[in-house]
Every structure is written in C-alpha cells, then in structure tokens.
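entry12.cif (mmCIF, C-alpha atoms) appears below.
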```cif
data_run
loop_
_atom_site.label_atom_id
_atom_site.label_comp_id
_atom_site.auth_asym_id
_atom_site.auth_seq_id
_atom_site.Cartn_x
_atom_site.Cartn_y
_atom_site.Cartn_z
CA MET A 71 114.89 80.96 138.47
CA THR A 72 111.76 82.41 136.90
CA ARG A 73 111.86 83.32 133.24
CA PRO A 74 111.45 86.99 132.30
CA LYS A 75 108.02 88.05 131.12
CA ARG A 76 107.66 88.15 127.33
CA ALA A 77 105.73 90.80 125.40
CA LEU A 78 104.79 91.05 121.73
CA ILE A 79 104.61 94.51 120.17
CA THR A 80 102.97 95.00 116.78
CA GLY A 81 104.20 98.20 115.16
CA ILE A 82 107.51 98.06 117.04
CA THR A 83 109.27 100.11 114.35
CA GLY A 84 106.90 103.04 114.90
CA GLN A 85 107.18 105.92 117.34
CA ASP A 86 105.20 104.29 120.15
CA GLY A 87 106.59 100.83 119.52
CA SER A 88 110.17 102.02 119.91
CA TYR A 89 109.49 103.83 123.20
CA LEU A 90 107.47 100.89 124.54
CA ALA A 91 110.23 98.44 123.62
CA GLU A 92 112.73 100.58 125.54
CA LEU A 93 110.41 100.69 128.56
CA LEU A 94 109.79 96.94 128.61
CA LEU A 95 113.48 96.09 128.15
CA GLY A 96 114.23 98.36 131.11
CA LYS A 97 111.76 96.32 133.16
CA GLY A 98 113.46 93.05 132.25
CA TYR A 99 111.01 91.82 129.61
CA GLU A 100 111.86 89.72 126.61
CA VAL A 101 110.53 91.79 123.71
CA VAL A 102 109.26 90.31 120.45
CA GLY A 103 108.47 92.80 117.70
CA MET A 104 106.23 91.99 114.76
CA VAL A 105 107.17 93.56 111.43
CA ARG A 106 105.65 93.26 107.97
CA ARG A 107 107.69 91.77 105.16
CA SER A 108 108.24 94.89 103.10
CA SER A 109 111.03 96.57 101.19
CA THR A 110 110.11 99.90 102.81
CA VAL A 111 110.25 98.92 106.50
CA THR A 112 112.71 101.10 108.38
CA PHE A 113 114.37 100.14 111.64
CA GLU A 114 115.73 103.61 112.34
CA ARG A 115 113.69 104.12 115.52
CA ILE A 116 114.83 100.84 117.09
CA ALA A 117 118.38 100.65 115.68
CA HIS A 118 119.87 101.31 119.13
CA ILE A 119 118.01 98.36 120.69
CA GLN A 120 117.61 96.06 117.69
CA ASP A 121 120.10 93.55 119.08
CA GLN A 122 118.03 93.29 122.28
CA VAL A 123 114.69 92.42 120.66
CA THR A 124 113.45 89.50 118.57
CA LEU A 125 111.89 90.62 115.29
CA VAL A 126 109.40 88.28 113.62
CA PRO A 127 107.41 88.59 110.39
CA GLY A 128 103.67 89.08 110.64
CA ASP A 129 100.84 91.11 109.16
CA LEU A 130 97.56 92.34 110.64
CA GLY A 131 96.01 91.56 107.26
CA ASP A 132 96.84 87.86 107.58
CA GLN A 133 95.10 85.78 110.24
CA GLY A 134 97.47 82.85 109.87
CA SER A 135 100.57 84.90 110.59
CA MET A 136 98.99 86.21 113.80
CA ILE A 137 98.31 82.69 115.05
CA SER A 138 101.81 81.51 114.08
CA VAL A 139 103.55 84.37 115.92
CA LEU A 140 101.56 83.84 119.11
CA ASP A 141 101.92 80.06 118.98
CA GLU A 142 105.69 80.19 118.50
CA HIS A 143 106.56 82.94 120.99
CA ARG A 144 103.80 82.60 123.62
CA PRO A 145 103.88 86.17 124.98
CA ALA A 146 102.26 87.04 128.30
CA GLU A 147 101.32 90.48 126.96
CA VAL A 148 100.44 91.75 123.50
CA TYR A 149 100.50 95.44 122.62
CA ASN A 150 98.73 96.16 119.33
CA LEU A 151 100.22 99.42 118.10
CA ALA A 152 100.33 98.64 114.38
CA ALA A 153 97.92 100.56 112.14
CA GLN A 154 97.59 102.79 109.13
CA SER A 155 97.85 105.74 111.49
CA PHE A 156 97.99 108.90 109.37
CA VAL A 157 94.59 110.57 109.35
CA GLN A 158 95.04 112.40 106.05
CA THR A 159 96.06 109.18 104.27
CA SER A 160 92.91 107.47 105.54
CA PHE A 161 90.77 109.71 103.33
CA GLY A 162 92.70 108.57 100.25
CA GLN A 163 92.95 104.92 101.35
CA PRO A 164 89.80 104.27 103.38
CA VAL A 165 89.48 100.55 102.56
CA LEU A 166 93.10 99.79 103.45
CA THR A 167 92.72 101.81 106.65
CA GLY A 168 89.57 99.92 107.61
CA ASP A 169 91.16 96.55 106.91
CA VAL A 170 94.40 97.14 108.85
CA THR A 171 93.36 99.58 111.57
CA GLY A 172 89.93 98.05 112.15
CA LEU A 173 89.69 94.41 111.06
CA GLY A 174 93.35 93.83 111.94
CA VAL A 175 92.40 94.15 115.61
CA THR A 176 89.82 91.39 115.21
CA ARG A 177 92.35 89.08 113.58
CA LEU A 178 94.79 89.58 116.45
CA LEU A 179 92.15 89.20 119.16
CA GLU A 180 90.88 86.02 117.51
CA ALA A 181 94.44 84.71 117.43
CA VAL A 182 94.76 85.42 121.16
CA ARG A 183 91.46 83.64 121.82
CA VAL A 184 92.51 80.58 119.82
CA VAL A 185 96.15 80.28 120.91
CA ASP A 186 96.14 81.43 124.55
CA PRO A 187 93.22 83.33 126.11
CA THR A 188 95.33 84.14 129.20
CA ILE A 189 97.38 86.64 127.16
CA ARG A 190 96.88 90.23 128.29
CA PHE A 191 96.00 92.42 125.31
CA TYR A 192 96.41 96.16 124.83
CA GLN A 193 94.63 97.97 122.00
CA ALA A 194 95.84 101.39 120.88
CA SER A 195 92.59 103.32 120.61
CA SER A 196 92.62 107.01 119.67
CA SER A 197 91.23 110.41 120.55
CA GLU A 198 90.21 110.64 116.88
CA MET A 199 87.27 108.42 117.83
CA PHE A 200 85.74 111.44 119.59
CA GLY A 201 85.94 113.51 116.39
CA ARG A 202 83.18 116.13 116.49
CA VAL A 203 83.28 116.22 120.25
CA MET A 204 80.06 115.85 122.20
CA GLU A 205 81.55 117.34 125.37
CA VAL A 206 84.72 119.07 126.59
CA PRO A 207 86.89 117.62 128.00
CA GLN A 208 86.48 114.08 126.71
CA THR A 209 86.29 111.21 129.20
CA GLU A 210 85.84 107.45 128.95
CA ARG A 211 82.06 108.04 128.88
CA THR A 212 82.00 110.70 126.14
CA PRO A 213 80.00 109.59 123.06
CA PHE A 214 82.08 108.95 119.94
CA TYR A 215 81.69 110.82 116.65
CA PRO A 216 84.68 110.03 114.39
CA ARG A 217 85.38 112.41 111.51
CA SER A 218 87.78 110.38 109.35
CA PRO A 219 88.11 106.83 108.02
CA TYR A 220 90.98 106.44 110.49
CA GLY A 221 88.76 107.48 113.40
CA VAL A 222 85.99 105.15 112.23
CA ALA A 223 88.45 102.24 111.91
CA LYS A 224 89.89 102.94 115.36
CA LEU A 225 86.36 102.96 116.77
CA TYR A 226 85.71 99.52 115.30
CA GLY A 227 88.98 98.29 116.83
CA HIS A 228 87.99 99.78 120.17
CA TRP A 229 84.53 98.19 120.29
CA ILE A 230 85.71 94.80 119.06
CA THR A 231 88.22 94.85 121.93
CA VAL A 232 85.40 95.54 124.38
CA ASN A 233 83.33 92.80 122.72
CA TYR A 234 86.05 90.17 123.04
CA ARG A 235 86.63 91.17 126.67
CA GLU A 236 82.96 90.74 127.49
CA SER A 237 82.27 87.73 125.26
CA TYR A 238 85.34 85.60 125.97
CA ASP A 239 86.57 87.00 129.30
CA LEU A 240 89.86 88.10 127.76
CA PHE A 241 92.09 90.58 129.56
CA ALA A 242 91.70 93.20 126.83
CA ALA A 243 92.27 96.88 127.61
CA SER A 244 92.17 99.98 125.43
CA GLY A 245 94.07 103.24 125.78
CA MET A 246 92.27 106.19 124.21
CA LEU A 247 95.48 108.11 123.63
CA PHE A 248 95.31 111.75 122.71
CA ASN A 249 97.96 113.20 120.40
CA HIS A 250 101.40 112.13 121.55
CA GLU A 251 104.53 113.36 119.84
CA SER A 252 108.30 113.03 120.01
CA PRO A 253 111.45 113.48 117.92
CA ARG A 254 110.60 110.04 116.48
CA ARG A 255 107.27 111.21 115.03
CA GLY A 256 106.90 110.73 111.28
CA LEU A 257 107.48 113.75 109.05
CA GLU A 258 103.92 113.51 107.71
CA PHE A 259 102.49 114.59 111.08
CA VAL A 260 102.03 118.32 111.56
CA THR A 261 104.10 118.56 114.76
CA ARG A 262 107.16 116.93 113.22
CA LYS A 263 106.57 118.81 109.97
CA ILE A 264 106.85 122.03 111.95
CA SER A 265 109.88 121.07 114.05
CA ASN A 266 111.72 119.79 110.97
CA ALA A 267 110.86 122.95 109.04
CA VAL A 268 112.10 125.12 111.90
CA ALA A 269 115.44 123.31 111.82
CA SER A 270 115.74 123.66 108.04
CA ILE A 271 114.74 127.33 108.07
CA ALA A 272 117.13 128.13 110.94
CA ALA A 273 119.93 126.49 108.94
CA GLY A 274 119.09 128.56 105.86
CA ILE A 275 118.01 125.52 103.84
CA ASP A 276 114.34 126.52 103.51
CA ARG A 277 112.38 129.75 103.91
CA GLU A 278 108.81 128.67 104.61
CA VAL A 279 106.53 125.84 105.68
CA ARG A 280 103.00 125.38 104.36
CA LEU A 281 100.36 124.28 106.87
CA GLY A 282 96.59 123.82 107.04
CA ASN A 283 94.24 124.87 109.83
CA LEU A 284 96.25 126.83 112.39
CA ASP A 285 93.25 127.07 114.71
CA ALA A 286 92.88 123.30 115.15
CA ARG A 287 93.52 122.48 118.80
CA ARG A 288 94.96 119.29 120.21
CA ASP A 289 95.91 117.78 123.54
CA TRP A 290 99.61 117.10 122.88
CA GLY A 291 101.78 114.96 125.13
CA PHE A 292 105.09 113.10 124.96
CA ALA A 293 104.98 109.57 123.53
CA GLY A 294 107.59 108.40 126.03
CA ASP A 295 105.16 109.22 128.85
CA TYR A 296 102.20 107.59 127.16
CA VAL A 297 103.74 104.13 126.66
CA ASP A 298 104.12 103.93 130.44
CA ALA A 299 100.33 104.22 130.70
CA MET A 300 99.97 101.31 128.24
CA TRP A 301 102.12 99.08 130.42
CA ARG A 302 100.28 100.09 133.59
CA MET A 303 96.95 99.08 132.05
CA LEU A 304 98.12 95.49 131.62
CA GLN A 305 99.29 95.29 135.25
CA LEU A 306 95.79 95.85 136.68
CA ASP A 307 93.74 93.11 138.29
CA ASP A 308 90.91 93.72 135.81
CA PRO A 309 90.97 95.12 132.25
CA ASP A 310 89.49 98.53 131.53
CA ASP A 311 89.62 101.45 129.09
CA PHE A 312 91.40 104.71 129.80
CA VAL A 313 91.76 108.20 128.36
CA VAL A 314 95.47 109.09 128.27
CA ALA A 315 96.00 112.82 127.86
CA THR A 316 97.51 115.93 129.43
CA GLY A 317 94.24 117.75 130.05
CA GLU A 318 95.59 120.80 128.20
CA THR A 319 94.83 121.99 124.68
CA HIS A 320 96.99 124.01 122.33
CA SER A 321 96.53 125.20 118.76
CA VAL A 322 98.77 124.53 115.78
CA ARG A 323 99.50 128.26 115.90
CA GLU A 324 100.80 127.94 119.47
CA PHE A 325 102.98 125.03 118.41
CA CYS A 326 104.47 127.24 115.70
CA GLU A 327 105.04 130.09 118.14
CA VAL A 328 107.00 127.93 120.58
CA ALA A 329 108.91 126.04 117.89
CA PHE A 330 110.09 129.06 115.91
CA GLY A 331 110.63 131.10 119.05
CA HIS A 332 112.99 128.43 120.38
CA VAL A 333 115.48 129.28 117.61
CA GLY A 334 114.83 133.03 117.71
CA LEU A 335 112.52 133.26 114.70
CA ASP A 336 109.06 134.78 114.24
CA TRP A 337 106.72 132.07 112.98
CA GLN A 338 104.62 134.61 111.04
CA ASP A 339 107.58 135.26 108.75
CA HIS A 340 107.76 131.63 107.65
CA VAL A 341 104.35 129.92 107.96
CA VAL A 342 102.05 129.95 104.93
CA VAL A 343 98.46 128.71 105.27
CA ASP A 344 97.63 126.35 102.40
CA GLU A 345 94.07 125.04 102.06
CA ARG A 346 95.37 121.87 100.43
CA PHE A 347 96.31 120.71 103.91
CA TYR A 348 92.84 121.14 105.39
CA ARG A 349 91.01 117.90 106.17
CA PRO A 350 87.74 117.16 104.33
CA ALA A 351 86.13 116.91 107.80
CA GLU A 352 88.08 118.73 110.49
CA VAL A 353 88.37 117.88 114.17
CA ASP A 354 88.67 121.28 115.80
CA LEU A 355 89.04 120.65 119.53
CA LEU A 356 90.34 117.59 121.35
CA ILE A 357 91.16 117.70 125.06
CA GLY A 358 91.17 114.66 127.30
CA ASP A 359 90.40 114.24 130.98
CA PRO A 360 93.08 111.87 132.40
CA ALA A 361 91.54 111.71 135.90
CA LYS A 362 90.72 108.00 135.67
CA ALA A 363 94.26 107.17 134.53
CA ALA A 364 95.65 109.17 137.43
CA ASP A 365 93.35 107.45 139.91
CA ARG A 366 93.47 103.84 138.70
CA LEU A 367 96.91 103.70 137.07
CA GLY A 368 98.80 106.25 139.12
CA TRP A 369 99.81 107.82 135.82
CA THR A 370 100.43 111.49 135.10
CA PRO A 371 102.36 113.08 132.22
CA THR A 372 105.84 114.35 133.07
CA THR A 373 106.63 116.45 129.96
CA SER A 374 105.07 119.88 129.42
CA PHE A 375 103.83 121.13 126.06
CA ALA A 376 106.64 123.69 125.76
CA ASP A 377 109.29 121.14 126.74
CA LEU A 378 107.91 118.69 124.16
CA VAL A 379 108.07 121.27 121.37
CA ARG A 380 111.59 122.32 122.32
CA MET A 381 112.70 118.67 122.52
CA MET A 382 111.46 118.05 118.98
CA VAL A 383 113.07 121.21 117.59
CA ASP A 384 116.40 120.45 119.29
CA ALA A 385 116.43 116.94 117.83
CA ASP A 386 115.73 118.18 114.31
CA VAL A 387 118.30 120.98 114.60
CA ALA A 388 120.88 118.38 115.62
CA ALA A 389 119.85 116.10 112.76
CA VAL A 390 120.12 118.87 110.17
CA ALA A 391 123.54 119.87 111.51
CA ALA A 392 124.77 116.27 111.40
CA ALA A 393 123.61 115.87 107.79
CA ARG A 394 125.50 118.92 106.51
#
```

Transcribe the structure of this file into structure tokens.
Amino acid sequence: MTRPKRALITGITGQDGSYLAELLLGKGYEVVGMVRRSSTVTFERIAHIQDQVTLVPGDLGDQGSMISVLDEHRPAEVYNLAAQSFVQTSFGQPVLTGDVTGLGVTRLLEAVRVVDPTIRFYQASSSEMFGRVMEVPQTERTPFYPRSPYGVAKLYGHWITVNYRESYDLFAASGMLFNHESPRRGLEFVTRKISNAVASIAAGIDREVRLGNLDARRDWGFAGDYVDAMWRMLQLDDPDDFVVATGETHSVREFCEVAFGHVGLDWQDHVVVDERFYRPAEVDLLIGDPAKAADRLGWTPTTSFADLVRMMVDADVAAVAAAR
C-alpha cells in the first residue's frame, strides 16, 4: 500500500493555511503545519481539524529550524504561506517585514535545496507587487511597482523563487494571489473590519465604523477558492507562476453597500471616513486577469463578490449573537 502524500504548510494557523489544510486533508494528504513558538499564536482557525494535522515548531527567521523540519518530516510538497502579511503594519515595521516576508522565503528555499531538491515548493506571492499598476488588468507579464514594504518584500520572495527554480532546477511555483477574503480573515483587514462592524451595529453594540479610502478598488475573491489554485500549481508537470484573481474589481464603498444592505442598513449612516486609515502610498486599482490559471490549471473562482460579502457578514452576525 502506498503511503499518503505529505505536505508542509507554513502559516497553517492563518486564513489561507486553514483552508489549504482542509483541502489537502480531503484529498488524503498527511498535513504538517509549521508554527512559531509564541505566546500569542492562536489555533482558532484550525481548531476543528487540529487533531488531524501534525504541528511542528519552526520560524522563517531561523534557517536551522527550516532544515530540521524538512529533514524530520520529508514532505513531498511545501506551501509557504507564512508572512508578516498586513500592509499597514509593514510601514511601521519595514525591517521585520523584509526579514520574514522576503528573506524568509530564501531560508526555506535553501532548506529545500539542501535537504531534498525534489520537494515541490509553492510561494504565496501577492497582487501588492503590482502596486502602482502599469496596465489594467494585471497579468503574469505586467511590470511590478510595489507601493509598500510588504509589496517590496513579497517581490523579493517572488523573484528569489524564480531564481531558485532557474538556478537549481527546483519545482518552485508562485501564485500571484489578488485579495482573497473569508470569515476567517483577520479583523485588521478592511473587509473583515467592515463585516464585523456591520454585525456589531446591527446588534446595537456600535453605531459607526471608521474607514480610510472608500474609492480604493480591489479584485476580491474567496480564500477557499484560491487555495485550490495553489494545490493545482504543484500538480503540473512543470513549475510556473500564475495570477489568481476573479477578473472583477470593486471599491471599498461597494463592499460597504453590500455588507450593510444585507442586514437592512444604509452604509452612509454608519461609515465615517478617517484619514488616519489612509496608506502613506495608496494602491488605487488592482484587477487580475486569471486567463492563464483557467487555461493551464483548469481553475475558476466559484464564489461571487456579493456572495463573499454576505458570507462574511452572516458569519460575524452569528458570532456576535453567540457571544451575547
């Protein structure tokens, strides 16, 4: 009897890591999740599957721990989802962001090269690498122009992945994922900030939510759809890079309209624009062209923008009700 395939996920306790772990378990994988030794790590997103995965200590800031994890568990696939991933925080902590989100990729790739170069490696690249966009929509060939330390760090991680693929013949693929959300999104992200505020306002707990640039537009999809694209990339005969997106763009204002409207409220009665939440360098319009992913991976998103917003609001409404 053949042994099940084993995958290592860095950042397994995050939004994407939890959905990817569910997907891989459903496909019969053994799943190993790397977590940092920290008093603040939360396992809330994977609590329902925690007994089905193996959690091991490791840190993208420590080369030795990367080598030890790979050497002990010998995964066939590695999905690098761990990062300092909040754009606003990257302006206040640019060195930390560069070290973890950028150099951390190099440490993990080097560990793969040293321990087992047959491992298939997935790097979570980002639409933030496009930044001040050079063309609309953005494709795999669009020039990069990052507008935040996070975007710059992700760009380093992306190019070092390409470099290791070409220099050492590693199976190293990158997914340039556009904004992907879910009820498991952190409260610091604007989408979850809005859906959580809607639930609190509808319950009479709060009266307003303060937001930044309402005109900023994003290509928003469902994280549960996007992790499927990650898996598909590592099943190809040859590694490549892919834009993963819906091909639609919506403003923060539209997100507010749908979210508040879902509970029968007018967003204009509750949203206050606060310049404190503007970025020092704004990314105004991101929209991806997922044609290559559709053609090569057979991947298309299954969740509409409106359904995504309603899903997030419903989850937060339920959570607020359960907490009362």

Original post:
Hey, can you check how far CA of Asn233 in chain A sits from CA of Val175 in chain A?
Top reply: 11.6 Å

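Taken over the whole file, the PyMOL selection byres ((chain A and resi 383) around 10) covers exactly A:Ser252, A:Pro253, A:Thr261, A:Arg262, A:Ile264, A:Ser265, A:Asn266, A:Ala267, A:Val268, A:Ala269, A:Val328, A:Ala329, A:Phe330, A:His332, A:Val333, A:Asp377, A:Leu378, A:Val379, A:Arg380, A:Met381, A:Met382, A:Asp384, A:Ala385, A:Asp386, A:Val387, A:Ala388, A:Ala389.
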
Could the residues in this selection be saved with C-alpha atoms as a PDB file, in the frame of the given file?
```pdb
ATOM      1  CA  SER A 252     108.300 113.030 120.010  1.00  0.00           C
ATOM      2  CA  PRO A 253     111.450 113.480 117.920  1.00  0.00           C
ATOM      3  CA  THR A 261     104.100 118.560 114.760  1.00  0.00           C
ATOM      4  CA  ARG A 262     107.160 116.930 113.220  1.00  0.00           C
ATOM      5  CA  ILE A 264     106.850 122.030 111.950  1.00  0.00           C
ATOM      6  CA  SER A 265     109.880 121.070 114.050  1.00  0.00           C
ATOM      7  CA  ASN A 266     111.720 119.790 110.970  1.00  0.00           C
ATOM      8  CA  ALA A 267     110.860 122.950 109.040  1.00  0.00           C
ATOM      9  CA  VAL A 268     112.100 125.120 111.900  1.00  0.00           C
ATOM     10  CA  ALA A 269     115.440 123.310 111.820  1.00  0.00           C
ATOM     11  CA  VAL A 328     107.000 127.930 120.580  1.00  0.00           C
ATOM     12  CA  ALA A 329     108.910 126.040 117.890  1.00  0.00           C
ATOM     13  CA  PHE A 330     110.090 129.060 115.910  1.00  0.00           C
ATOM     14  CA  HIS A 332     112.990 128.430 120.380  1.00  0.00           C
ATOM     15  CA  VAL A 333     115.480 129.280 117.610  1.00  0.00           C
ATOM     16  CA  ASP A 377     109.290 121.140 126.740  1.00  0.00           C
ATOM     17  CA  LEU A 378     107.910 118.690 124.160  1.00  0.00           C
ATOM     18  CA  VAL A 379     108.070 121.270 121.370  1.00  0.00           C
ATOM     19  CA  ARG A 380     111.590 122.320 122.320  1.00  0.00           C
ATOM     20  CA  MET A 381     112.700 118.670 122.520  1.00  0.00           C
ATOM     21  CA  MET A 382     111.460 118.050 118.980  1.00  0.00           C
ATOM     22  CA  ASP A 384     116.400 120.450 119.290  1.00  0.00           C
ATOM     23  CA  ALA A 385     116.430 116.940 117.830  1.00  0.00           C
ATOM     24  CA  ASP A 386     115.730 118.180 114.310  1.00  0.00           C
ATOM     25  CA  VAL A 387     118.300 120.980 114.600  1.00  0.00           C
ATOM     26  CA  ALA A 388     120.880 118.380 115.620  1.00  0.00           C
ATOM     27  CA  ALA A 389     119.850 116.100 112.760  1.00  0.00           C
TER      28      ALA A 389
END
```

Close residues, Ala315 in chain A itself excluded, 9 Å, all atoms listed in the file, min 3 positions apart in chain, as an mmCIF file with C-alpha atoms, in the frame of the given file:
```cif
data_model
loop_
_atom_site.group_PDB
_atom_site.id
_atom_site.type_symbol
_atom_site.label_atom_id
_atom_site.label_comp_id
_atom_site.auth_asym_id
_atom_site.auth_seq_id
_atom_site.Cartn_x
_atom_site.Cartn_y
_atom_site.Cartn_z
ATOM 1 C CA MET A 246 92.270 106.190 124.210
ATOM 2 C CA LEU A 247 95.480 108.110 123.630
ATOM 3 C CA PHE A 248 95.310 111.750 122.710
ATOM 4 C CA ASN A 249 97.960 113.200 120.400
ATOM 5 C CA HIS A 250 101.400 112.130 121.550
ATOM 6 C CA ASP A 289 95.910 117.780 123.540
ATOM 7 C CA TRP A 290 99.610 117.100 122.880
ATOM 8 C CA GLY A 291 101.780 114.960 125.130
ATOM 9 C CA TYR A 296 102.200 107.590 127.160
ATOM 10 C CA GLU A 318 95.590 120.800 128.200
ATOM 11 C CA ILE A 357 91.160 117.700 125.060
ATOM 12 C CA GLY A 358 91.170 114.660 127.300
ATOM 13 C CA ASP A 359 90.400 114.240 130.980
ATOM 14 C CA PRO A 360 93.080 111.870 132.400
ATOM 15 C CA ALA A 363 94.260 107.170 134.530
ATOM 16 C CA THR A 370 100.430 111.490 135.100
ATOM 17 C CA PRO A 371 102.360 113.080 132.220
#
```

Original post:
Evaluating the PyMOL selection byres ((chain A and resi 241) around 6) on the displayed file yields which residues, as a list of chain:residue names?
Top reply: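 This file gives the following for the PyMOL selection byres ((chain A and resi 241) around 6): A:Arg190, A:Leu240, A:Ala242, A:Pro309.
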
Please enumerate the residues selected by the PyMOL selection byres ((chain A and resi 139-142) around 12) when evaluated against the supplied file, formatted as a compact mmCIF listing (two decimals) with C-alpha atoms, in the coordinates of the input.
```
# COMPACT_ATOMS: atom_id res chain seq x y z
CA ARG A 76 107.66 88.15 127.33
CA ALA A 77 105.73 90.80 125.40
CA LEU A 78 104.79 91.05 121.73
CA ILE A 79 104.61 94.51 120.17
CA THR A 80 102.97 95.00 116.78
CA VAL A 102 109.26 90.31 120.45
CA GLY A 103 108.47 92.80 117.70
CA MET A 104 106.23 91.99 114.76
CA VAL A 105 107.17 93.56 111.43
CA THR A 124 113.45 89.50 118.57
CA LEU A 125 111.89 90.62 115.29
CA VAL A 126 109.40 88.28 113.62
CA PRO A 127 107.41 88.59 110.39
CA GLY A 128 103.67 89.08 110.64
CA ASP A 129 100.84 91.11 109.16
CA LEU A 130 97.56 92.34 110.64
CA ASP A 132 96.84 87.86 107.58
CA GLN A 133 95.10 85.78 110.24
CA GLY A 134 97.47 82.85 109.87
CA SER A 135 100.57 84.90 110.59
CA MET A 136 98.99 86.21 113.80
CA ILE A 137 98.31 82.69 115.05
CA SER A 138 101.81 81.51 114.08
CA HIS A 143 106.56 82.94 120.99
CA ARG A 144 103.80 82.60 123.62
CA PRO A 145 103.88 86.17 124.98
CA ALA A 146 102.26 87.04 128.30
CA GLU A 147 101.32 90.48 126.96
CA VAL A 148 100.44 91.75 123.50
CA ARG A 177 92.35 89.08 113.58
CA LEU A 178 94.79 89.58 116.45
CA LEU A 179 92.15 89.20 119.16
CA GLU A 180 90.88 86.02 117.51
CA ALA A 181 94.44 84.71 117.43
CA VAL A 182 94.76 85.42 121.16
CA ARG A 183 91.46 83.64 121.82
CA VAL A 184 92.51 80.58 119.82
CA VAL A 185 96.15 80.28 120.91
CA ASP A 186 96.14 81.43 124.55
CA PRO A 187 93.22 83.33 126.11
CA THR A 188 95.33 84.14 129.20
CA ILE A 189 97.38 86.64 127.16
CA PHE A 191 96.00 92.42 125.31
```

Original post:
Can you list, as a ChimeraX atom specification, every protein, DNA or RNA residue that comes within 9 Å of Gly131 in chain A when you count only C-alpha atoms, leaving out same-chain residues fewer than 6 positions away?
Top reply: /A:169-170,173-174,177

Subject >> Straight-line distance linking CA of Val342 in chain A with CA of Glu251 in chain A, stated in Å to one decimal >> reply: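 Separation of CA of Val342 in chain A and CA of Glu251 in chain A: 22.4 Å.
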
**OP:** May I ask for the distance between CA of Met199 in chain A and CA of Val297 in chain A, given in Å to one decimal place?
**Re:**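 If I compute the distance from CA of Met199 in chain A to CA of Val297 in chain A, I get 19.2 Å.
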
**OP:** Counting all atoms listed in the file, figure out which residue out of A:Tyr220, A:Tyr149, A:Tyr234, A:Phe161 gets nearest to Gln193 in chain A.
**Re:**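 Smallest distance to Gln193 in chain A is found for A:Tyr149.
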
Subject >> Local residues around (93.8, 99.6, 124.9), at most 8 Å away, using only C-alpha atoms, as a PyMOL selection string >> reply: chain A and resi 191-195+228+231+242-246+300+303+310-312

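Proximity of A:Val341, A:Leu355, A:Ala273, A:Val279 to Ala393 in chain A, computed with only C-alpha atoms, is greatest for A:Ala273.
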
Box along x, y and z, 8 Å on every side, all listed atoms of range 81-99 of chain A inside: centre and edge lengths in Å to one decimal, as lines of an AutoDock Vina configuration file.
```
center_x = 109.2
center_y = 98.9
center_z = 123.8
size_x = 26.0
size_y = 30.1
size_z = 34.8
```

Shell of 12 Å around Glu114 in chain A, all atoms listed in the file, local chain residues under 6 positions omitted, as a tab-separated table (two decimals) with C-alpha atoms, in the frame of the given file:
```tsv
chain	number	residue	atom	x	y	z
A	82	ILE	CA	107.51	98.06	117.04
A	83	THR	CA	109.27	100.11	114.35
A	84	GLY	CA	106.90	103.04	114.90
A	85	GLN	CA	107.18	105.92	117.34
A	87	GLY	CA	106.59	100.83	119.52
A	88	SER	CA	110.17	102.02	119.91
A	120	GLN	CA	117.61	96.06	117.69
A	254	ARG	CA	110.60	110.04	116.48
A	255	ARG	CA	107.27	111.21	115.03
A	256	GLY	CA	106.90	110.73	111.28
```

Original post:
Given the choices A:Leu356, A:Ala361, A:Ile116, A:Leu335, which gets closest to Pro216 in chain A if the distance is worked out from only C-alpha atoms?
Top reply: A:Leu356
